[in-house]
>>> print(open('input_5.csv').read())   # CSV, C-alpha atoms
chain,number,residue,atom,x,y,z
Q,1,SER,CA,-23.2,99.3,7.8
Q,2,MET,CA,-26.9,99.2,7.5
Q,3,ASN,CA,-29.2,97.3,9.8
Q,4,ILE,CA,-32.0,95.6,7.9
Q,5,VAL,CA,-35.0,93.6,9.1
Q,6,VAL,CA,-36.9,91.3,6.7
Q,7,CYS,CA,-40.5,90.1,7.2
Q,8,LYS,CA,-41.3,86.7,5.5
Q,9,GLN,CA,-44.7,85.3,4.8
Q,10,ASN,CA,-43.8,82.0,6.5
Q,11,LEU,CA,-45.4,80.1,3.6
Q,12,TYR,CA,-43.8,77.7,1.3
Q,13,GLY,CA,-43.5,79.5,-2.0
Q,14,GLY,CA,-41.6,81.8,-4.3
Q,15,THR,CA,-41.9,84.8,-2.1
Q,16,ASP,CA,-40.0,83.5,0.9
Q,17,LYS,CA,-37.5,81.7,-1.3
Q,18,LEU,CA,-36.6,85.0,-3.0
Q,19,LEU,CA,-36.4,86.8,0.4
Q,20,GLU,CA,-34.2,84.0,1.7
Q,21,ARG,CA,-31.9,84.4,-1.3
Q,22,MET,CA,-31.7,88.2,-0.6
Q,23,ILE,CA,-31.0,87.7,3.1
Q,24,GLN,CA,-28.1,85.4,2.4
Q,25,TRP,CA,-26.7,87.7,-0.2
Q,26,LEU,CA,-27.0,90.8,2.0
Q,27,ARG,CA,-25.2,89.0,4.9
Q,28,VAL,CA,-22.4,87.9,2.7
Q,29,TYR,CA,-21.9,91.5,1.7
Q,30,GLY,CA,-21.6,92.7,5.2
Q,31,TYR,CA,-25.1,93.9,6.0
Q,32,HIS,CA,-26.7,93.1,9.3
Q,33,VAL,CA,-29.9,91.3,8.6
Q,34,ASP,CA,-32.5,90.0,11.1
Q,35,VAL,CA,-35.6,88.1,10.1
Q,36,TYR,CA,-38.7,89.3,12.0
Q,37,SER,CA,-40.9,86.8,13.8
Q,38,THR,CA,-43.2,87.3,16.8
Q,39,GLU,CA,-41.1,84.8,18.7
Q,40,ALA,CA,-37.7,86.3,18.0
Q,41,CYS,CA,-36.6,88.8,20.6
Q,42,LEU,CA,-35.4,91.9,18.8
Q,43,LYS,CA,-36.7,94.4,21.4
Q,44,ASN,CA,-35.2,97.9,21.5
Q,45,LYS,CA,-33.4,97.2,18.2
Q,46,ILE,CA,-33.2,100.0,15.6
Q,47,TYR,CA,-33.4,99.2,11.9
Q,48,ASP,CA,-32.5,101.5,9.1
Q,49,LEU,CA,-34.7,99.5,6.7
Q,50,ALA,CA,-37.4,96.9,6.6
Q,51,ILE,CA,-37.9,94.9,3.4
Q,52,ILE,CA,-41.3,93.2,3.2
Q,53,PRO,CA,-43.8,91.6,0.8
Q,54,SER,CA,-47.1,93.5,0.8
Q,55,SER,CA,-48.9,90.9,2.8
Q,56,GLN,CA,-46.6,91.7,5.8
Q,57,PHE,CA,-47.3,95.5,5.9
Q,58,GLY,CA,-48.9,95.1,9.3
Q,59,ASP,CA,-45.8,93.5,10.8
Q,60,LEU,CA,-44.3,97.0,11.1
Q,61,TRP,CA,-47.0,97.9,13.6
Q,62,GLU,CA,-46.4,94.7,15.6
Q,63,MET,CA,-42.7,95.7,15.7
Q,64,LYS,CA,-43.5,99.3,16.8
Q,65,LYS,CA,-45.7,97.9,19.6
Q,66,SER,CA,-42.9,95.7,20.9
Q,67,GLY,CA,-40.3,98.5,21.0
Q,68,ILE,CA,-38.5,97.8,17.7
Q,69,GLU,CA,-37.7,101.0,15.7
Q,70,VAL,CA,-37.9,101.0,11.9
Q,71,HIS,CA,-36.9,104.1,10.0
Q,72,HIS,CA,-37.6,103.2,6.4
Q,73,VAL,CA,-39.6,100.6,4.6
Q,74,LEU,CA,-39.4,99.0,1.2
Q,75,VAL,CA,-42.4,96.9,0.0
Q,76,TRP,CA,-41.4,94.4,-2.7
Q,77,ILE,CA,-44.4,93.3,-4.8
Q,78,MET,CA,-43.8,89.9,-6.5
Q,79,GLY,CA,-45.4,88.4,-9.6
Q,80,MET,CA,-48.4,89.7,-11.5
Q,81,GLY,CA,-50.3,90.5,-8.3
Q,82,ALA,CA,-51.2,94.1,-7.5
Q,83,PHE,CA,-50.6,95.9,-4.3
Q,84,ARG,CA,-54.3,95.9,-3.4
Q,85,ASP,CA,-54.4,92.1,-3.4
Q,86,SER,CA,-53.4,92.0,0.2
Q,87,TYR,CA,-56.3,94.3,1.1
Q,88,TYR,CA,-59.2,92.5,-0.7
Q,89,ASN,CA,-60.3,90.1,-3.3
Q,90,PRO,CA,-61.5,92.0,-6.4
Q,91,ASN,CA,-64.0,89.2,-7.1
Q,92,ALA,CA,-65.8,89.8,-3.8
Q,93,GLU,CA,-67.4,93.1,-4.9
Q,94,LYS,CA,-70.9,91.8,-4.6
Q,95,GLY,CA,-74.0,92.2,-2.4
Q,96,ILE,CA,-73.4,93.1,1.2
Q,97,PHE,CA,-69.6,93.3,0.8
Q,98,ARG,CA,-69.8,96.0,-1.9
Q,99,TYR,CA,-69.4,98.9,0.4
Q,100,LEU,CA,-66.7,97.3,2.4
Q,101,ILE,CA,-64.7,96.5,-0.7
Q,102,ARG,CA,-65.1,100.1,-1.9
Q,103,PHE,CA,-63.7,101.3,1.4
Q,104,LEU,CA,-60.8,98.9,1.3
Q,105,LYS,CA,-60.1,99.9,-2.3
Q,106,TYR,CA,-59.9,103.5,-1.1
Q,107,LYS,CA,-57.5,102.6,1.7
Q,108,ALA,CA,-55.3,100.5,-0.6
Q,109,SER,CA,-55.1,103.3,-3.1
Q,110,GLN,CA,-54.2,105.8,-0.3
Q,111,ALA,CA,-51.4,103.5,1.0
Q,112,LEU,CA,-50.1,102.8,-2.6
Q,113,ARG,CA,-49.8,106.5,-3.4
Q,114,LEU,CA,-48.0,107.2,-0.1
Q,115,LEU,CA,-45.5,104.3,-0.7
Q,116,TYR,CA,-45.0,105.6,-4.2
Q,117,SER,CA,-44.3,109.1,-3.1
Q,118,HIS,CA,-41.9,107.8,-0.4
Q,119,ARG,CA,-40.1,105.7,-3.0
Q,120,SER,CA,-41.0,102.8,-0.7
Q,121,ILE,CA,-42.3,100.3,-3.3
Q,122,VAL,CA,-40.7,98.1,-5.9
Q,123,PHE,CA,-42.1,95.4,-8.2
Q,124,THR,CA,-40.6,92.2,-9.8
Q,125,ASP,CA,-42.0,93.1,-13.1
Q,126,ILE,CA,-44.0,95.7,-15.2
Q,127,VAL,CA,-47.2,93.7,-14.9
Q,128,GLY,CA,-47.3,94.2,-11.2
Q,129,VAL,CA,-46.7,97.9,-11.7
Q,130,TYR,CA,-49.4,98.1,-14.3
Q,131,ASN,CA,-51.9,96.2,-12.2
Q,132,SER,CA,-51.2,98.2,-9.1
Q,133,PHE,CA,-51.4,101.6,-10.7
Q,134,LEU,CA,-54.3,100.8,-13.0
Q,135,ALA,CA,-56.8,103.1,-11.3
Q,136,GLU,CA,-54.3,105.7,-10.1
Q,137,PRO,CA,-53.6,109.0,-11.8
Q,138,ILE,CA,-49.9,108.5,-11.5
Q,139,ASP,CA,-47.5,108.7,-14.4
Q,140,TYR,CA,-45.0,106.0,-13.4
Q,141,GLU,CA,-43.4,105.6,-16.8
Q,142,SER,CA,-40.7,108.1,-16.0
Q,143,SER,CA,-39.7,106.3,-12.8
Q,144,LEU,CA,-40.2,102.8,-14.2
Q,145,GLU,CA,-36.6,101.6,-13.8
Q,146,GLU,CA,-36.6,102.6,-10.2
Q,147,LEU,CA,-39.9,100.8,-9.6
Q,148,LEU,CA,-38.5,97.5,-10.9
Q,149,LEU,CA,-36.4,95.0,-8.9
Q,150,PRO,CA,-36.7,91.6,-10.7
Q,151,ILE,CA,-36.5,88.2,-9.2
Q,152,ALA,CA,-33.0,87.0,-8.6
Q,153,ILE,CA,-31.5,83.8,-10.0
Q,154,GLU,CA,-28.2,82.0,-10.0
Q,155,VAL,CA,-26.6,82.1,-13.4
Q,156,PRO,CA,-23.8,79.7,-14.3
Q,157,GLU,CA,-20.5,80.8,-15.9
Q,158,GLU,CA,-20.8,81.9,-19.5
Q,159,GLN,CA,-20.9,79.0,-21.9
Q,160,SER,CA,-20.2,78.9,-25.6
Q,161,ALA,CA,-23.1,79.4,-28.0
Q,162,LEU,CA,-25.1,76.2,-28.8
Q,163,GLU,CA,-23.9,74.2,-31.7
Q,164,ARG,CA,-26.8,73.2,-34.0
Q,165,LYS,CA,-26.6,69.4,-34.2
Q,166,ASN,CA,-28.2,68.8,-37.5
Q,167,ASN,CA,-29.3,71.3,-40.1
Q,168,SER,CA,-32.2,69.2,-41.4
Q,169,ILE,CA,-33.8,68.8,-38.0
Q,170,LEU,CA,-34.9,71.6,-35.7
Q,171,ARG,CA,-35.0,70.5,-32.1
Q,172,ILE,CA,-37.5,72.5,-30.0
Q,173,MET,CA,-38.1,72.1,-26.3
Q,174,TRP,CA,-40.8,73.1,-23.8
Q,175,VAL,CA,-39.8,73.3,-20.2
Q,176,GLY,CA,-42.2,73.9,-17.3
Q,177,ARG,CA,-45.3,72.6,-15.5
Q,178,VAL,CA,-48.0,71.1,-17.7
Q,179,SER,CA,-50.9,72.5,-15.7
Q,180,LYS,CA,-54.5,73.3,-16.5
Q,181,ASP,CA,-54.4,76.8,-15.1
Q,182,PHE,CA,-52.8,78.7,-17.9
Q,183,LYS,CA,-50.2,76.4,-19.6
Q,184,GLU,CA,-52.3,73.8,-21.2
Q,185,ILE,CA,-53.8,76.0,-23.9
Q,186,PRO,CA,-50.4,77.6,-24.9
Q,187,LEU,CA,-48.7,74.2,-25.0
Q,188,LYS,CA,-51.4,72.8,-27.3
Q,189,LYS,CA,-51.1,75.8,-29.5
Q,190,VAL,CA,-47.3,75.3,-29.7
Q,191,ILE,CA,-47.9,71.7,-30.9
Q,192,LYS,CA,-50.4,72.9,-33.5
Q,193,ASP,CA,-48.1,75.7,-34.7
Q,194,LEU,CA,-45.1,73.4,-35.0
Q,195,GLU,CA,-47.1,70.8,-36.9
Q,196,HIS,CA,-48.3,73.6,-39.3
Q,197,LEU,CA,-44.6,74.7,-39.8
Q,198,GLN,CA,-43.6,71.1,-40.6
Q,199,VAL,CA,-46.4,70.5,-43.0
Q,200,GLU,CA,-45.4,73.7,-44.8
Q,201,GLY,CA,-42.0,72.1,-45.2
Q,202,LYS,CA,-40.1,74.8,-43.3
Q,203,SER,CA,-38.1,72.1,-41.5
Q,204,LYS,CA,-38.4,68.7,-39.9
Q,205,ILE,CA,-39.1,69.3,-36.2
Q,206,GLU,CA,-38.5,67.3,-33.1
Q,207,PHE,CA,-40.4,68.6,-30.1
Q,208,THR,CA,-39.5,67.6,-26.5
Q,209,ILE,CA,-41.9,68.4,-23.6
Q,210,VAL,CA,-40.1,68.5,-20.2
Q,211,GLY,CA,-42.5,68.6,-17.3
Q,212,SER,CA,-45.6,67.1,-15.9
Q,213,GLY,CA,-48.8,68.3,-14.2
Q,214,ASP,CA,-52.6,67.9,-14.1
Q,215,ALA,CA,-52.9,68.6,-17.9
Q,216,ILE,CA,-50.2,66.1,-19.1
Q,217,ASN,CA,-52.7,63.4,-20.2
Q,218,SER,CA,-54.9,65.9,-22.0
Q,219,VAL,CA,-51.8,67.2,-23.8
Q,220,LYS,CA,-50.6,63.6,-24.7
Q,221,GLU,CA,-54.1,62.8,-26.1
Q,222,TYR,CA,-54.1,66.0,-28.1
Q,223,ALA,CA,-50.6,65.3,-29.5
Q,224,GLU,CA,-51.8,62.0,-30.9
Q,225,GLY,CA,-53.9,63.9,-33.4
Q,226,TYR,CA,-50.7,65.3,-35.0
Q,227,SER,CA,-47.8,63.7,-37.0
Q,228,LEU,CA,-45.2,65.9,-35.2
Q,229,ASN,CA,-42.5,63.9,-33.5
Q,230,ILE,CA,-43.0,64.6,-29.8
Q,231,ARG,CA,-41.1,63.2,-26.9
Q,232,PHE,CA,-42.3,63.5,-23.3
Q,233,VAL,CA,-39.8,63.7,-20.5
Q,234,GLU,CA,-41.5,63.7,-17.1
Q,235,GLU,CA,-38.7,65.3,-15.1
Q,236,VAL,CA,-35.1,66.3,-15.2
Q,237,GLU,CA,-33.2,67.0,-11.9
Q,238,TYR,CA,-33.0,70.8,-11.6
Q,239,ASN,CA,-29.2,70.8,-11.2
Q,240,GLN,CA,-29.0,68.9,-14.5
Q,241,LEU,CA,-31.5,70.9,-16.4
Q,242,GLY,CA,-29.1,73.4,-18.0
Q,243,GLU,CA,-26.9,70.6,-19.3
Q,244,PHE,CA,-30.0,68.7,-20.6
Q,245,ILE,CA,-31.2,71.8,-22.4
Q,246,ARG,CA,-27.8,72.4,-24.0
Q,247,LYS,CA,-27.5,68.8,-25.2
Q,248,ASN,CA,-31.0,68.3,-26.5
Q,249,THR,CA,-32.4,71.4,-28.1
Q,250,ASP,CA,-31.8,74.3,-30.5
Q,251,LEU,CA,-34.6,76.5,-29.3
Q,252,LEU,CA,-36.5,76.6,-26.0
Q,253,ILE,CA,-40.1,77.7,-25.7
Q,254,ALA,CA,-41.4,78.5,-22.2
Q,255,MET,CA,-43.0,81.0,-19.8
Q,256,GLY,CA,-42.0,82.4,-16.5
Q,257,THR,CA,-38.8,81.4,-14.7
Q,258,SER,CA,-38.6,78.2,-16.9
Q,259,ALA,CA,-37.7,80.6,-19.8
Q,260,LEU,CA,-34.7,81.8,-17.7
Q,261,ASP,CA,-33.5,78.2,-17.3
Q,262,GLY,CA,-32.9,78.1,-21.0
Q,263,ALA,CA,-31.7,81.7,-21.5
Q,264,LYS,CA,-29.1,81.5,-18.7
Q,265,VAL,CA,-27.3,78.6,-20.5
Q,266,SER,CA,-27.2,80.6,-23.8
Q,267,CYS,CA,-30.0,78.6,-25.4
Q,268,PRO,CA,-32.1,80.7,-27.9
Q,269,THR,CA,-35.2,81.3,-25.8
Q,270,VAL,CA,-38.8,82.2,-26.8
Q,271,ILE,CA,-41.5,83.3,-24.4
Q,272,VAL,CA,-45.0,82.0,-25.1
Q,273,THR,CA,-47.8,83.9,-23.4
Q,274,PRO,CA,-50.1,82.2,-20.8
Q,275,VAL,CA,-53.8,81.8,-21.6
Q,276,ARG,CA,-56.6,80.6,-19.4
Q,277,GLU,CA,-59.7,78.8,-20.5
Q,278,PHE,CA,-62.0,81.9,-20.4
Q,279,ASP,CA,-59.5,84.2,-22.2
Q,280,ARG,CA,-60.6,85.4,-25.6
Q,281,GLN,CA,-57.3,86.1,-27.0
Q,282,SER,CA,-54.7,83.9,-28.8
Q,283,VAL,CA,-51.2,82.9,-27.7
Q,284,TYR,CA,-48.2,85.0,-28.8
Q,285,TYR,CA,-44.5,84.5,-29.0
Q,286,ARG,CA,-41.5,86.7,-28.6
Q,287,TRP,CA,-37.8,86.3,-28.0
Q,288,ILE,CA,-37.1,86.5,-24.3
Q,289,TYR,CA,-34.8,89.5,-24.8
Q,290,GLU,CA,-37.6,91.4,-26.5
Q,291,SER,CA,-39.5,91.4,-23.2
Q,292,LYS,CA,-40.3,94.8,-21.5
Q,293,GLY,CA,-40.0,95.4,-17.8
Q,294,TYR,CA,-38.6,92.0,-16.8
Q,295,SER,CA,-41.9,90.3,-17.7
Q,296,LEU,CA,-41.7,86.6,-18.7
Q,297,GLY,CA,-45.2,86.2,-20.1
Q,298,GLU,CA,-48.5,88.1,-19.5
Q,299,PHE,CA,-52.2,87.2,-19.6
Q,300,PRO,CA,-54.1,88.5,-22.6
Q,301,GLY,CA,-54.6,92.2,-22.6
Q,302,LEU,CA,-51.7,92.8,-20.2
Q,303,ASP,CA,-49.2,92.1,-23.0
Q,304,THR,CA,-50.6,95.0,-25.1
Q,305,ALA,CA,-51.0,97.2,-21.9
Q,306,THR,CA,-47.3,96.7,-21.1
Q,307,HIS,CA,-46.2,97.2,-24.8
Q,308,GLN,CA,-44.9,93.7,-25.3
Q,309,VAL,CA,-43.8,92.4,-28.7
Q,310,GLN,CA,-46.3,89.9,-30.3
Q,311,LYS,CA,-45.1,87.5,-33.0
Q,312,ASP,CA,-46.3,84.4,-34.6
Q,313,ILE,CA,-44.2,81.2,-34.7
Q,314,GLU,CA,-43.4,81.6,-38.4
Q,315,THR,CA,-41.7,85.0,-37.7
Q,316,ILE,CA,-39.7,83.4,-34.8
Q,317,ILE,CA,-38.5,80.5,-36.9
Q,318,ASP,CA,-37.6,82.7,-39.8
Q,319,GLU,CA,-35.6,85.0,-37.5
Q,320,TYR,CA,-34.0,81.9,-36.0
Q,321,TYR,CA,-32.7,80.8,-39.4
Q,322,ASN,CA,-31.8,84.3,-40.7
Q,323,GLU,CA,-30.0,85.8,-37.8
Q,324,ASP,CA,-27.4,84.6,-35.4
Q,325,ASN,CA,-26.7,85.4,-31.7
Q,326,GLN,CA,-30.2,84.6,-30.3
Q,327,GLY,CA,-28.4,82.4,-27.7
Q,328,LYS,CA,-26.1,85.3,-26.7
Q,329,TYR,CA,-28.9,87.8,-26.5
Q,330,SER,CA,-31.0,85.4,-24.4
Q,331,ARG,CA,-28.0,84.9,-22.0
Q,332,ASP,CA,-27.5,88.7,-21.8
Q,333,TYR,CA,-31.1,89.1,-20.9
Q,334,ALA,CA,-30.9,86.4,-18.2
Q,335,MET,CA,-28.0,88.3,-16.7
Q,336,LEU,CA,-30.4,91.1,-15.7
Q,337,PHE,CA,-31.9,88.6,-13.2
Q,338,GLU,CA,-28.5,87.4,-12.0
Q,339,ILE,CA,-28.3,87.5,-8.2
Q,340,ASN,CA,-25.4,90.0,-7.9
Q,341,HIS,CA,-26.9,92.3,-10.5
Q,342,VAL,CA,-30.3,92.4,-8.8
Q,343,PHE,CA,-29.1,92.8,-5.2
Q,344,THR,CA,-26.4,95.3,-6.1
Q,345,LYS,CA,-29.3,97.3,-7.7
Q,346,LEU,CA,-31.2,97.0,-4.5
Q,347,VAL,CA,-28.4,98.3,-2.2
Q,348,GLN,CA,-27.4,101.0,-4.6
Q,349,ARG,CA,-30.9,102.4,-4.6
Q,350,SER,CA,-30.9,105.4,-2.2
Q,351,LEU,CA,-33.0,104.9,1.0
Q,352,PRO,CA,-36.7,105.5,0.7
Q,353,GLU,CA,-38.2,108.6,2.5
Q,354,PRO,CA,-38.5,108.0,6.3
Q,355,ILE,CA,-41.7,106.5,7.6
Q,356,ASN,CA,-43.8,109.5,8.7
Q,357,ALA,CA,-47.0,109.8,10.8
Q,358,GLU,CA,-49.1,109.5,7.7
Q,359,MET,CA,-47.5,106.2,6.8
Q,360,TRP,CA,-47.8,104.8,10.3
Q,361,LYS,CA,-51.6,105.5,10.1
Q,362,GLN,CA,-51.7,103.3,7.0
Q,363,ILE,CA,-49.6,100.6,8.6
Q,364,HIS,CA,-51.9,100.6,11.7
Q,365,PHE,CA,-55.0,100.4,9.5
Q,366,PHE,CA,-53.6,97.4,7.7
Q,367,TYR,CA,-52.6,95.7,11.0
Q,368,ARG,CA,-56.2,96.1,12.4
Q,369,MET,CA,-57.8,95.0,9.1
Q,370,LYS,CA,-55.8,91.8,9.2
Q,371,LYS,CA,-56.8,91.2,12.8
Q,372,VAL,CA,-60.5,91.7,12.0
Q,373,LYS,CA,-60.3,89.4,8.9
Q,374,ALA,CA,-58.7,86.7,11.0
Q,375,LEU,CA,-61.5,87.0,13.6
Q,376,ILE,CA,-64.2,86.8,10.9
Q,377,LYS,CA,-62.5,83.7,9.4
Q,378,ARG,CA,-62.5,82.0,12.8
Q,379,PHE,CA,-66.1,82.9,13.4
Q,380,LEU,CA,-67.1,81.5,10.0
Q,381,LYS,CA,-65.2,78.3,10.6
Q,382,LYS,CA,-67.1,77.7,13.9
Q,383,GLY,CA,-70.4,78.5,12.2
>>> encode(input="input_5.csv", output="structure tokens")
Amino acid sequence: SMNIVVCKQNLYGGTDKLLERMIQWLRVYGYHVDVYSTEACLKNKIYDLAIIPSSQFGDLWEMKKSGIEVHHVLVWIMGMGAFRDSYYNPNAEKGIFRYLIRFLKYKASQALRLLYSHRSIVFTDIVGVYNSFLAEPIDYESSLEELLLPIAIEVPEEQSALERKNNSILRIMWVGRVSKDFKEIPLKKVIKDLEHLQVEGKSKIEFTIVGSGDAINSVKEYAEGYSLNIRFVEEVEYNQLGEFIRKNTDLLIAMGTSALDGAKVSCPTVIVTPVREFDRQSVYYRWIYESKGYSLGEFPGLDTATHQVQKDIETIIDEYYNEDNQGKYSRDYAMLFEINHVFTKLVQRSLPEPINAEMWKQIHFFYRMKKVKALIKRFLKKG
């Protein structure tokens, strides 16, 4: 069986959680998996495959130096971020740093093309693919399915479709953080849109907001200007969330992984797109199963770039009343993220091309670049 080494970021966050889930799954299915850390003694070991987030690209050089052999690498890019994010901050392209950034841009592009031609790179969703290949003359559309390895989630046993409790009242729920970054504007838009629907006499609506965050007071204040019946629920224990959704709503509106929390328990689920304060564009809706490339909501511009469906709330509600099975379709879509489905896809993927001299050069550069950055940071801190 295959020998695999995984490099974690050693930060608290989604990346390491997802890698941990993968490590456990691979071990259960009989793969030998080690986690690399500078302390662990893995000297003279030979690994068929290293699986790493892009920030840990340099770890491969550290391993080589300490006598660990790695034959193939798979870089897994998570979230909307682009591959180049671990090389430089695109906002820093000013003044004295301009030329340095241009150079790093060139190096990141070199490494990306090499990883792509080696089949050594995968992304959790199409936005990461689009953002990474933006400036590259690469036609990735044909190999898109091979470039995608979505996040993996636990999905409960199949449950019956939701029963609508009451035909004269439509219960709608938001689940997710209520934060200023990119959720406050969409959530306020949902309130405004639902109020508008109710005023038009489409149906009486009860709206439940599950979640809290730095924008919750601003949203509560905003809600006071509307006659919509809104209930705020600060938090629901995660292991009870599925049950809570099934009992208390007919339709879930969310973005990101919160949308999967509804879809996986067969609740008809709608994605609302994230919008930041400086974004020019409006908020759009779509059924979760209309999403392309495993994306669960994109910033303005990226939705059109990745060919996502854009609907308004009227269309969604009309479709909800005129068609059945949205709960089943939502559940089927969530199954694409189901842990066995995702990691089976990973292990059935044939091995990437072996790491060659050209690739080692890129790895070595990345390793040295990280070292220099760390030195500069220390120096600036002292100053």
>>> atom_distance(input="input_5.csv", atom1="CA of Leu162 (chain Q)", atom2="CA of Leu241 (chain Q)")
14.9 Å
>>> closest_residue(input="input_5.csv", among="Q:Ile138, Q:Met335, Q:Ile288, Q:Ile245", to="Lys264 (chain Q)", atoms="all atoms listed in the file")
Q:Met335
>>> closest_residue(input="input_5.csv", among="Q:Glu338, Q:Glu195, Q:Glu353, Q:Glu237", to="Glu157 (chain Q)", atoms="all atoms listed in the file")
Q:Glu338
>>> closest_atom_pairs(input="input_5.csv", of="region 250-317 of chain Q", to="region 69-81 of chain Q", cutoff="12 Å", atoms="only C-alpha atoms", output="tab-separated table")
residue	atom	partner	partner_atom	distance
Q:Gly256	CA	Q:Gly79	CA	9.8
Q:Thr257	CA	Q:Gly79	CA	10.9
Q:Gly293	CA	Q:Met80	CA	11.9
Q:Tyr294	CA	Q:Gly79	CA	10.5
Q:Ser295	CA	Q:Met80	CA	9.0
Q:Leu296	CA	Q:Gly79	CA	10.0
Q:Gly297	CA	Q:Met80	CA	9.8
Q:Glu298	CA	Q:Met80	CA	8.2
Q:Phe299	CA	Q:Met80	CA	9.3
Q:Leu302	CA	Q:Met80	CA	9.8
Q:Asp303	CA	Q:Met80	CA	11.8
Q:Thr306	CA	Q:Met80	CA	11.9
>>> atom_distance(input="input_5.csv", atom1="CA of Val272 (chain Q)", atom2="CA of Arg171 (chain Q)")
16.8 Å
>>> closest_residue(input="input_5.csv", among="Q:Val129, Q:Val342, Q:Leu112, Q:Leu375", to="Arg21 (chain Q)", atoms="all atoms listed in the file")
Q:Val342
>>> residues_around(input="input_5.csv", residues="Leu147 (chain Q)", least_positions_apart="2", cutoff="8 Å", atoms="only C-alpha atoms", output="mmCIF file with C-alpha atoms, keeping the file's coordinate frame")
data_model
loop_
_atom_site.group_PDB
_atom_site.id
_atom_site.type_symbol
_atom_site.label_atom_id
_atom_site.label_comp_id
_atom_site.auth_asym_id
_atom_site.auth_seq_id
_atom_site.Cartn_x
_atom_site.Cartn_y
_atom_site.Cartn_z
ATOM 1 C CA ILE Q 121 -42.300 100.300 -3.300
ATOM 2 C CA VAL Q 122 -40.700 98.100 -5.900
ATOM 3 C CA PHE Q 123 -42.100 95.400 -8.200
ATOM 4 C CA VAL Q 129 -46.700 97.900 -11.700
ATOM 5 C CA SER Q 143 -39.700 106.300 -12.800
ATOM 6 C CA LEU Q 144 -40.200 102.800 -14.200
ATOM 7 C CA GLU Q 145 -36.600 101.600 -13.800
ATOM 8 C CA LEU Q 149 -36.400 95.000 -8.900
#
>>> residues_around(input="input_5.csv", residues="region 92-106 of chain Q", least_positions_apart="3", cutoff="12 Å", atoms="all atoms listed in the file", output="VMD selection string")
chain Q and resid 82 to 89 109 to 113 132 135 to 136 362 365 to 366 369 to 370
>>> residues_around(input="input_5.csv", residues="region 318-326 of chain Q", least_positions_apart="5", cutoff="12 Å", atoms="all atoms listed in the file", output="PyMOL selection string")
chain Q and resi 160-164+167-168+170+172+197+202-203+250-252+262-263+265-270+286-290+311-313+331-333
>>> write_last_selection(input="input_5.csv", atoms="C-alpha atoms", output="PDB file, in the coordinates of the input")
ATOM      1  CA  SER Q 160     -20.200  78.900 -25.600  1.00  0.00           C
ATOM      2  CA  ALA Q 161     -23.100  79.400 -28.000  1.00  0.00           C
ATOM      3  CA  LEU Q 162     -25.100  76.200 -28.800  1.00  0.00           C
ATOM      4  CA  GLU Q 163     -23.900  74.200 -31.700  1.00  0.00           C
ATOM      5  CA  ARG Q 164     -26.800  73.200 -34.000  1.00  0.00           C
ATOM      6  CA  ASN Q 167     -29.300  71.300 -40.100  1.00  0.00           C
ATOM      7  CA  SER Q 168     -32.200  69.200 -41.400  1.00  0.00           C
ATOM      8  CA  LEU Q 170     -34.900  71.600 -35.700  1.00  0.00           C
ATOM      9  CA  ILE Q 172     -37.500  72.500 -30.000  1.00  0.00           C
ATOM     10  CA  LEU Q 197     -44.600  74.700 -39.800  1.00  0.00           C
ATOM     11  CA  LYS Q 202     -40.100  74.800 -43.300  1.00  0.00           C
ATOM     12  CA  SER Q 203     -38.100  72.100 -41.500  1.00  0.00           C
ATOM     13  CA  ASP Q 250     -31.800  74.300 -30.500  1.00  0.00           C
ATOM     14  CA  LEU Q 251     -34.600  76.500 -29.300  1.00  0.00           C
ATOM     15  CA  LEU Q 252     -36.500  76.600 -26.000  1.00  0.00           C
ATOM     16  CA  GLY Q 262     -32.900  78.100 -21.000  1.00  0.00           C
ATOM     17  CA  ALA Q 263     -31.700  81.700 -21.500  1.00  0.00           C
ATOM     18  CA  VAL Q 265     -27.300  78.600 -20.500  1.00  0.00           C
ATOM     19  CA  SER Q 266     -27.200  80.600 -23.800  1.00  0.00           C
ATOM     20  CA  CYS Q 267     -30.000  78.600 -25.400  1.00  0.00           C
ATOM     21  CA  PRO Q 268     -32.100  80.700 -27.900  1.00  0.00           C
ATOM     22  CA  THR Q 269     -35.200  81.300 -25.800  1.00  0.00           C
ATOM     23  CA  VAL Q 270     -38.800  82.200 -26.800  1.00  0.00           C
ATOM     24  CA  ARG Q 286     -41.500  86.700 -28.600  1.00  0.00           C
ATOM     25  CA  TRP Q 287     -37.800  86.300 -28.000  1.00  0.00           C
ATOM     26  CA  ILE Q 288     -37.100  86.500 -24.300  1.00  0.00           C
ATOM     27  CA  TYR Q 289     -34.800  89.500 -24.800  1.00  0.00           C
ATOM     28  CA  GLU Q 290     -37.600  91.400 -26.500  1.00  0.00           C
ATOM     29  CA  LYS Q 311     -45.100  87.500 -33.000  1.00  0.00           C
ATOM     30  CA  ASP Q 312     -46.300  84.400 -34.600  1.00  0.00           C
ATOM     31  CA  ILE Q 313     -44.200  81.200 -34.700  1.00  0.00           C
ATOM     32  CA  ARG Q 331     -28.000  84.900 -22.000  1.00  0.00           C
ATOM     33  CA  ASP Q 332     -27.500  88.700 -21.800  1.00  0.00           C
ATOM     34  CA  TYR Q 333     -31.100  89.100 -20.900  1.00  0.00           C
TER      35      TYR Q 333
END
>>> atom_distance(input="input_5.csv", atom1="CA of Phe133 (chain Q)", atom2="CA of Lys292 (chain Q)")
16.9 Å
